[in-house]
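Colleague: Below is the file my_file.cif, which contains mmCIF, N, CA and C atoms.
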```
data_start
loop_
_atom_site.label_atom_id
_atom_site.label_comp_id
_atom_site.auth_asym_id
_atom_site.auth_seq_id
_atom_site.Cartn_x
_atom_site.Cartn_y
_atom_site.Cartn_z
N MET X 8 -144.33 56.65 0.59
CA MET X 8 -144.57 56.49 2.00
C MET X 8 -143.68 57.47 2.78
N HIS X 9 -144.29 58.17 3.71
CA HIS X 9 -143.57 59.18 4.48
C HIS X 9 -143.23 58.62 5.86
N ASP X 10 -141.96 58.67 6.20
CA ASP X 10 -141.53 58.16 7.51
C ASP X 10 -141.69 59.24 8.57
N GLU X 11 -142.30 58.89 9.67
CA GLU X 11 -142.44 59.78 10.80
C GLU X 11 -141.10 59.87 11.53
N PRO X 12 -140.74 61.04 12.02
CA PRO X 12 -139.49 61.11 12.80
C PRO X 12 -139.62 60.28 14.07
N LYS X 13 -138.53 59.66 14.42
CA LYS X 13 -138.53 58.85 15.64
C LYS X 13 -138.23 59.74 16.85
N HIS X 14 -138.96 59.52 17.91
CA HIS X 14 -138.75 60.26 19.15
C HIS X 14 -138.16 59.32 20.19
N ASP X 15 -137.15 59.78 20.82
CA ASP X 15 -136.54 58.98 21.89
C ASP X 15 -137.33 59.22 23.17
N ASP X 16 -138.00 58.18 23.64
CA ASP X 16 -138.81 58.30 24.85
C ASP X 16 -138.01 58.05 26.12
N ALA X 17 -136.73 57.81 25.96
CA ALA X 17 -135.90 57.54 27.13
C ALA X 17 -135.79 58.80 27.98
N PRO X 18 -135.89 58.66 29.29
CA PRO X 18 -135.78 59.84 30.16
C PRO X 18 -134.37 60.44 30.08
N VAL X 19 -134.32 61.72 30.25
CA VAL X 19 -133.04 62.41 30.26
C VAL X 19 -132.37 62.08 31.59
N ASP X 20 -131.07 61.85 31.53
CA ASP X 20 -130.34 61.52 32.75
C ASP X 20 -130.11 62.78 33.58
N THR X 21 -131.00 63.00 34.52
CA THR X 21 -130.83 64.11 35.44
C THR X 21 -130.82 63.53 36.85
N PRO X 22 -129.94 64.04 37.68
CA PRO X 22 -129.92 63.49 39.04
C PRO X 22 -131.22 63.82 39.75
N PRO X 23 -131.72 62.90 40.56
CA PRO X 23 -132.96 63.18 41.29
C PRO X 23 -132.71 64.29 42.30
N PHE X 24 -133.71 65.12 42.49
CA PHE X 24 -133.63 66.20 43.47
C PHE X 24 -134.00 65.63 44.82
N LEU X 25 -133.05 65.65 45.73
CA LEU X 25 -133.28 65.14 47.08
C LEU X 25 -134.07 66.18 47.86
N THR X 26 -135.16 65.75 48.43
CA THR X 26 -135.94 66.65 49.28
C THR X 26 -135.80 66.22 50.73
N LEU X 27 -135.88 67.18 51.60
CA LEU X 27 -135.78 66.92 53.03
C LEU X 27 -137.04 67.45 53.70
N PRO X 28 -138.07 66.61 53.82
CA PRO X 28 -139.33 67.06 54.43
C PRO X 28 -139.15 67.65 55.83
N ILE X 29 -138.09 67.27 56.52
CA ILE X 29 -137.86 67.81 57.86
C ILE X 29 -137.67 69.33 57.80
N LEU X 30 -137.14 69.84 56.69
CA LEU X 30 -136.98 71.28 56.54
C LEU X 30 -138.33 71.98 56.39
N ASP X 31 -139.22 71.34 55.65
CA ASP X 31 -140.58 71.88 55.53
C ASP X 31 -141.27 71.88 56.89
N GLU X 32 -141.00 70.86 57.68
CA GLU X 32 -141.55 70.77 59.05
C GLU X 32 -141.07 71.94 59.90
N ILE X 33 -139.79 72.26 59.79
CA ILE X 33 -139.23 73.39 60.53
C ILE X 33 -139.91 74.68 60.07
N GLU X 34 -140.06 74.82 58.76
CA GLU X 34 -140.66 76.04 58.21
C GLU X 34 -142.09 76.25 58.70
N THR X 35 -142.87 75.18 58.75
CA THR X 35 -144.28 75.32 59.10
C THR X 35 -144.57 75.21 60.59
N SER X 36 -143.73 74.51 61.34
CA SER X 36 -144.04 74.25 62.75
C SER X 36 -143.42 75.22 63.74
N VAL X 37 -142.33 75.84 63.36
CA VAL X 37 -141.62 76.70 64.31
C VAL X 37 -142.11 78.13 64.15
N THR X 38 -142.38 78.75 65.28
CA THR X 38 -142.80 80.14 65.31
C THR X 38 -141.68 80.94 65.95
N ALA X 39 -141.12 81.87 65.19
CA ALA X 39 -140.01 82.67 65.70
C ALA X 39 -140.50 83.88 66.48
N GLU X 40 -141.79 84.00 66.61
CA GLU X 40 -142.38 85.15 67.31
C GLU X 40 -143.08 84.66 68.57
N GLY X 41 -143.52 85.59 69.39
CA GLY X 41 -144.30 85.22 70.56
C GLY X 41 -143.50 85.26 71.84
N SER X 42 -144.17 84.93 72.93
CA SER X 42 -143.54 85.04 74.24
C SER X 42 -142.50 83.95 74.48
N ASP X 43 -142.70 82.77 73.91
CA ASP X 43 -141.74 81.68 74.10
C ASP X 43 -141.51 80.96 72.77
N PRO X 44 -140.64 81.51 71.92
CA PRO X 44 -140.41 80.90 70.62
C PRO X 44 -139.84 79.48 70.72
N SER X 45 -139.17 79.16 71.83
CA SER X 45 -138.60 77.82 71.95
C SER X 45 -139.68 76.75 72.14
N ALA X 46 -140.89 77.16 72.50
CA ALA X 46 -141.97 76.19 72.70
C ALA X 46 -142.24 75.38 71.43
N SER X 47 -142.15 76.01 70.29
CA SER X 47 -142.36 75.27 69.04
C SER X 47 -141.06 74.66 68.53
N ALA X 48 -139.92 75.20 68.97
CA ALA X 48 -138.64 74.71 68.49
C ALA X 48 -138.26 73.36 69.13
N VAL X 49 -138.62 73.16 70.38
CA VAL X 49 -138.22 71.93 71.08
C VAL X 49 -138.84 70.69 70.42
N PRO X 50 -140.16 70.64 70.21
CA PRO X 50 -140.71 69.44 69.56
C PRO X 50 -140.15 69.22 68.15
N THR X 51 -139.88 70.31 67.45
CA THR X 51 -139.33 70.19 66.11
C THR X 51 -137.89 69.71 66.17
N ALA X 52 -137.13 70.17 67.17
CA ALA X 52 -135.76 69.70 67.34
C ALA X 52 -135.73 68.21 67.67
N VAL X 53 -136.71 67.74 68.44
CA VAL X 53 -136.81 66.31 68.73
C VAL X 53 -137.03 65.53 67.43
N LYS X 54 -137.94 66.02 66.59
CA LYS X 54 -138.18 65.36 65.29
C LYS X 54 -136.92 65.38 64.44
N LEU X 55 -136.21 66.52 64.44
CA LEU X 55 -134.97 66.64 63.67
C LEU X 55 -133.93 65.65 64.18
N LEU X 56 -133.80 65.53 65.49
CA LEU X 56 -132.86 64.57 66.08
C LEU X 56 -133.22 63.14 65.70
N ASP X 57 -134.49 62.79 65.84
CA ASP X 57 -134.93 61.44 65.47
C ASP X 57 -134.64 61.17 64.00
N TRP X 58 -134.95 62.16 63.16
CA TRP X 58 -134.68 62.02 61.73
C TRP X 58 -133.19 61.83 61.49
N GLY X 59 -132.37 62.69 62.12
CA GLY X 59 -130.92 62.63 61.93
C GLY X 59 -130.31 61.32 62.35
N VAL X 60 -130.79 60.77 63.46
CA VAL X 60 -130.27 59.51 63.97
C VAL X 60 -130.67 58.34 63.05
N ASN X 61 -131.86 58.43 62.47
CA ASN X 61 -132.39 57.30 61.70
C ASN X 61 -132.26 57.40 60.19
N THR X 62 -131.88 58.56 59.66
CA THR X 62 -131.77 58.67 58.21
C THR X 62 -130.55 57.90 57.71
N GLY X 63 -130.67 57.38 56.54
CA GLY X 63 -129.53 56.69 55.93
C GLY X 63 -128.89 57.54 54.85
N LEU X 64 -129.28 58.80 54.77
CA LEU X 64 -128.79 59.68 53.71
C LEU X 64 -127.35 60.11 53.98
N ASP X 65 -126.62 60.33 52.91
CA ASP X 65 -125.25 60.81 52.97
C ASP X 65 -125.24 62.27 53.41
N THR X 66 -124.32 62.63 54.30
CA THR X 66 -124.31 63.99 54.82
C THR X 66 -124.00 65.02 53.74
N GLU X 67 -123.20 64.68 52.76
CA GLU X 67 -122.93 65.61 51.67
C GLU X 67 -124.20 65.87 50.86
N ASP X 68 -124.97 64.81 50.60
CA ASP X 68 -126.24 64.96 49.89
C ASP X 68 -127.22 65.80 50.71
N ILE X 69 -127.23 65.60 52.02
CA ILE X 69 -128.11 66.37 52.91
C ILE X 69 -127.73 67.85 52.84
N GLY X 70 -126.45 68.14 52.93
CA GLY X 70 -125.99 69.52 52.87
C GLY X 70 -126.36 70.18 51.55
N ASP X 71 -126.18 69.45 50.45
CA ASP X 71 -126.54 69.99 49.13
C ASP X 71 -128.04 70.26 49.04
N ALA X 72 -128.84 69.32 49.52
CA ALA X 72 -130.29 69.47 49.47
C ALA X 72 -130.75 70.63 50.35
N ALA X 73 -130.14 70.78 51.51
CA ALA X 73 -130.50 71.88 52.40
C ALA X 73 -130.15 73.22 51.76
N SER X 74 -129.00 73.29 51.11
CA SER X 74 -128.60 74.52 50.41
C SER X 74 -129.58 74.85 49.30
N GLU X 75 -129.95 73.85 48.51
CA GLU X 75 -130.91 74.05 47.43
C GLU X 75 -132.26 74.52 47.99
N TRP X 76 -132.69 73.91 49.08
CA TRP X 76 -133.97 74.28 49.71
C TRP X 76 -133.93 75.74 50.15
N LEU X 77 -132.84 76.13 50.81
CA LEU X 77 -132.72 77.51 51.26
C LEU X 77 -132.66 78.48 50.08
N ASP X 78 -132.01 78.08 48.99
CA ASP X 78 -131.92 78.93 47.80
C ASP X 78 -133.29 79.20 47.18
N THR X 79 -134.23 78.29 47.37
CA THR X 79 -135.57 78.48 46.79
C THR X 79 -136.43 79.40 47.65
N LYS X 80 -135.94 79.79 48.80
CA LYS X 80 -136.72 80.57 49.77
C LYS X 80 -136.27 82.03 49.81
N ASP X 81 -135.98 82.59 48.66
CA ASP X 81 -135.41 83.94 48.55
C ASP X 81 -135.96 84.94 49.56
N GLY X 82 -137.20 85.31 49.45
CA GLY X 82 -137.78 86.36 50.29
C GLY X 82 -137.98 85.95 51.73
N GLU X 83 -137.92 84.67 52.02
CA GLU X 83 -138.18 84.17 53.37
C GLU X 83 -136.92 83.73 54.09
N ALA X 84 -135.77 83.98 53.49
CA ALA X 84 -134.51 83.44 54.01
C ALA X 84 -134.25 83.85 55.46
N ASN X 85 -134.44 85.13 55.81
CA ASN X 85 -134.16 85.57 57.18
C ASN X 85 -135.08 84.91 58.19
N ASP X 86 -136.36 84.80 57.85
CA ASP X 86 -137.32 84.15 58.74
C ASP X 86 -136.94 82.68 58.93
N LEU X 87 -136.57 82.02 57.86
CA LEU X 87 -136.19 80.60 57.96
C LEU X 87 -134.91 80.42 58.76
N LEU X 88 -133.96 81.32 58.58
CA LEU X 88 -132.73 81.22 59.37
C LEU X 88 -133.00 81.43 60.85
N ASN X 89 -133.92 82.34 61.18
CA ASN X 89 -134.30 82.53 62.59
C ASN X 89 -134.92 81.26 63.15
N LYS X 90 -135.78 80.61 62.37
CA LYS X 90 -136.40 79.36 62.80
C LYS X 90 -135.35 78.27 62.97
N LEU X 91 -134.42 78.18 62.02
CA LEU X 91 -133.36 77.18 62.12
C LEU X 91 -132.48 77.44 63.35
N LYS X 92 -132.22 78.70 63.67
CA LYS X 92 -131.43 79.03 64.86
C LYS X 92 -132.14 78.57 66.13
N LEU X 93 -133.45 78.80 66.19
CA LEU X 93 -134.22 78.35 67.36
C LEU X 93 -134.16 76.83 67.50
N VAL X 94 -134.33 76.14 66.39
CA VAL X 94 -134.28 74.67 66.41
C VAL X 94 -132.87 74.21 66.76
N ASP X 95 -131.86 74.88 66.22
CA ASP X 95 -130.47 74.52 66.51
C ASP X 95 -130.16 74.71 67.99
N ASP X 96 -130.64 75.81 68.57
CA ASP X 96 -130.42 76.03 70.01
C ASP X 96 -131.04 74.89 70.83
N ALA X 97 -132.28 74.53 70.47
CA ALA X 97 -132.95 73.43 71.18
C ALA X 97 -132.22 72.11 70.95
N TYR X 98 -131.81 71.86 69.72
CA TYR X 98 -131.07 70.63 69.37
C TYR X 98 -129.80 70.53 70.20
N GLN X 99 -129.04 71.61 70.28
CA GLN X 99 -127.79 71.57 71.04
C GLN X 99 -128.04 71.31 72.52
N LYS X 100 -129.11 71.89 73.08
CA LYS X 100 -129.45 71.64 74.49
C LYS X 100 -129.92 70.20 74.69
N LEU X 101 -130.57 69.63 73.66
CA LEU X 101 -131.04 68.25 73.78
C LEU X 101 -129.89 67.24 73.79
N LEU X 102 -128.71 67.70 73.40
CA LEU X 102 -127.52 66.83 73.43
C LEU X 102 -126.79 66.91 74.77
N THR X 103 -127.34 67.68 75.71
CA THR X 103 -126.68 67.88 77.00
C THR X 103 -127.50 67.26 78.13
N ALA X 104 -127.00 67.43 79.33
CA ALA X 104 -127.71 66.94 80.51
C ALA X 104 -129.00 67.72 80.76
N GLU X 105 -129.17 68.85 80.06
CA GLU X 105 -130.39 69.65 80.20
C GLU X 105 -131.57 69.07 79.42
N ALA X 106 -131.35 68.02 78.67
CA ALA X 106 -132.37 67.50 77.75
C ALA X 106 -133.69 67.19 78.46
N ARG X 107 -133.64 66.46 79.54
CA ARG X 107 -134.88 66.07 80.22
C ARG X 107 -135.64 67.30 80.72
N GLU X 108 -134.92 68.23 81.33
CA GLU X 108 -135.54 69.45 81.84
C GLU X 108 -136.17 70.27 80.69
N LEU X 109 -135.46 70.35 79.59
CA LEU X 109 -135.97 71.09 78.42
C LEU X 109 -137.23 70.44 77.87
N LEU X 110 -137.21 69.12 77.75
CA LEU X 110 -138.38 68.39 77.24
C LEU X 110 -139.57 68.55 78.19
N ASP X 111 -139.33 68.37 79.47
CA ASP X 111 -140.41 68.50 80.45
C ASP X 111 -140.99 69.91 80.45
N GLY X 112 -140.12 70.91 80.36
CA GLY X 112 -140.55 72.29 80.34
C GLY X 112 -141.37 72.65 79.10
N ALA X 113 -141.15 71.90 78.03
CA ALA X 113 -141.89 72.13 76.78
C ALA X 113 -143.13 71.25 76.70
N GLY X 114 -143.45 70.56 77.81
CA GLY X 114 -144.63 69.71 77.82
C GLY X 114 -144.45 68.41 77.04
N ARG X 115 -143.21 67.98 76.89
CA ARG X 115 -142.90 66.77 76.13
C ARG X 115 -142.35 65.68 77.05
N GLU X 116 -143.03 65.49 78.20
CA GLU X 116 -142.58 64.51 79.19
C GLU X 116 -142.55 63.09 78.63
N GLU X 117 -143.39 62.82 77.63
CA GLU X 117 -143.48 61.47 77.08
C GLU X 117 -142.31 61.09 76.18
N VAL X 118 -141.52 62.09 75.77
CA VAL X 118 -140.42 61.82 74.83
C VAL X 118 -139.31 61.07 75.54
N GLU X 119 -138.94 59.95 74.98
CA GLU X 119 -137.83 59.17 75.50
C GLU X 119 -136.55 59.64 74.82
N ILE X 120 -135.53 59.88 75.57
CA ILE X 120 -134.26 60.33 75.01
C ILE X 120 -133.52 59.11 74.47
N THR X 121 -133.46 59.02 73.16
CA THR X 121 -132.84 57.87 72.50
C THR X 121 -131.55 58.24 71.80
N TRP X 122 -131.14 59.48 71.93
CA TRP X 122 -129.91 59.93 71.29
C TRP X 122 -128.87 60.17 72.36
N GLY X 123 -127.64 60.28 71.93
CA GLY X 123 -126.54 60.51 72.87
C GLY X 123 -126.21 61.98 72.96
N SER X 124 -124.97 62.26 73.34
CA SER X 124 -124.54 63.66 73.49
C SER X 124 -123.66 64.11 72.33
N ASP X 125 -123.35 63.21 71.41
CA ASP X 125 -122.53 63.57 70.26
C ASP X 125 -123.38 64.25 69.20
N PRO X 126 -122.81 65.24 68.50
CA PRO X 126 -123.55 65.88 67.41
C PRO X 126 -123.98 64.83 66.38
N VAL X 127 -125.14 65.03 65.81
CA VAL X 127 -125.69 64.10 64.82
C VAL X 127 -125.33 64.65 63.45
N GLU X 128 -124.51 63.92 62.72
CA GLU X 128 -123.94 64.41 61.47
C GLU X 128 -124.98 64.91 60.44
N PRO X 129 -126.10 64.22 60.21
CA PRO X 129 -127.08 64.76 59.27
C PRO X 129 -127.63 66.12 59.70
N VAL X 130 -127.84 66.30 61.00
CA VAL X 130 -128.33 67.58 61.51
C VAL X 130 -127.24 68.64 61.33
N GLU X 131 -126.00 68.26 61.63
CA GLU X 131 -124.89 69.19 61.46
C GLU X 131 -124.75 69.62 60.01
N ALA X 132 -125.02 68.71 59.06
CA ALA X 132 -124.93 69.05 57.64
C ALA X 132 -125.95 70.12 57.28
N ILE X 133 -127.14 70.04 57.84
CA ILE X 133 -128.18 71.05 57.59
C ILE X 133 -127.75 72.39 58.18
N MET X 134 -127.26 72.37 59.40
CA MET X 134 -126.86 73.62 60.06
C MET X 134 -125.66 74.25 59.35
N GLN X 135 -124.77 73.42 58.84
CA GLN X 135 -123.61 73.91 58.08
C GLN X 135 -124.11 74.60 56.80
N ALA X 136 -125.05 73.98 56.11
CA ALA X 136 -125.60 74.55 54.87
C ALA X 136 -126.30 75.88 55.13
N ALA X 137 -126.88 76.02 56.32
CA ALA X 137 -127.57 77.25 56.69
C ALA X 137 -126.62 78.32 57.20
N GLY X 138 -125.34 77.99 57.32
CA GLY X 138 -124.35 78.96 57.78
C GLY X 138 -124.31 79.10 59.29
N LEU X 139 -124.84 78.11 60.00
CA LEU X 139 -124.86 78.17 61.46
C LEU X 139 -123.67 77.45 62.10
N ARG X 140 -122.77 76.97 61.28
CA ARG X 140 -121.55 76.33 61.77
C ARG X 140 -120.36 77.00 61.09
N GLY X 141 -119.25 77.09 61.83
CA GLY X 141 -118.04 77.76 61.29
C GLY X 141 -117.27 76.93 60.33
#
```
Take the structure from the file and write it as structure tokens.
Modeller:
Amino acid sequence: MHDEPKHDDAPVDTPPFLTLPILDEIETSVTAEGSDPSASAVPTAVKLLDWGVNTGLDTEDIGDAASEWLDTKDGEANDLLNKLKLVDDAYQKLLTAEARELLDGAGREEVEITWGSDPVEPVEAIMQAAGLRG
């Protein structure tokens, strides 16, 4: 009788890859070209703010995932950084007294401002990973 080799069907212990769909949203929704590039950045910055306020993810994990995401975008890195800069500019303005005026000017009058004026740590972790923070 010939014994078949035993195969271990147990999964290999690899850490799960954290994905941040908000980054894909920035990549696909923001247009860095045109007469008013901030027009697409403002609604995306609102989504980023809402995500940042409501996510329960650890900021270190967010930073790592954002770095990994950017690393996979070799040929598109400059375009993505330009889009992130536009969103970051809008995000920073949304944390100020200019928020209502910015939202109204972008045709987002229906957006209720539910965030404060303090930086949102998950958003800051993404911007840090992108090199937009010192």
Colleague: From the options X:Ala84, X:Leu110, X:Ala72, X:Ala97, which residue's atoms come nearest to Ala136 (chain X), counting all atoms listed in the file?
Modeller: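 For Ala136 (chain X), the nearest of the candidates is X:Ala72.
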Colleague: Excluding region 56-66 of chain X and any residue of its chain fewer than 2 positions from it, enumerate the residues within 8 Å of it, using only N, CA and C atoms, and give them as a list of chain:residue names.
Modeller: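 That gives X:Ile29, X:Pro50, X:Thr51, X:Ala52, X:Val53, X:Lys54, X:Asp68, X:Ile69, X:Gly70, X:Asp71, X:Ala72, X:Tyr98, X:Thr121, X:Trp122, X:Val127, X:Glu128, X:Pro129, X:Val130, X:Glu131, X:Ala132, X:Ile133.
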Colleague: Which of these, X:Asp31, X:Glu117, X:Asp95, X:Asp125, has the shortest distance to Leu77 (chain X) once you count only C-alpha atoms?
Modeller: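 Residue with the minimum atom-to-atom distance to Leu77 (chain X): X:Asp31.
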Colleague: So how far away is atom C of Ser124 (chain X) from atom C of Glu40 (chain X), in Å?
Modeller: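 Here the two named atoms are 28.5 Å from each other.
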Colleague: If you run DSSP over the backbone, which residues in region 22-94 of chain X end up helix (DSSP H, G or I)? Put them as a PyMOL selection string.
Modeller: chain X and resi 28-36+45-61+66-78+81-94
Colleague: Taking into account only C-alpha atoms, which residue in the set X:Ile120, X:Ala39, X:Asp81, X:Ala137 is nearest to Ala104 (chain X)?
Modeller: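 That would be X:Ile120, the residue with the smallest distance to Ala104 (chain X).
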Colleague: If we count only N, CA and C atoms, what is near Asp86 (chain X) at a cut-off of 8 Å, once residues fewer than 4 positions away on the same chain are taken out, given as a PyMOL selection string?
Modeller: chain X and resi 34+39+82+90-92
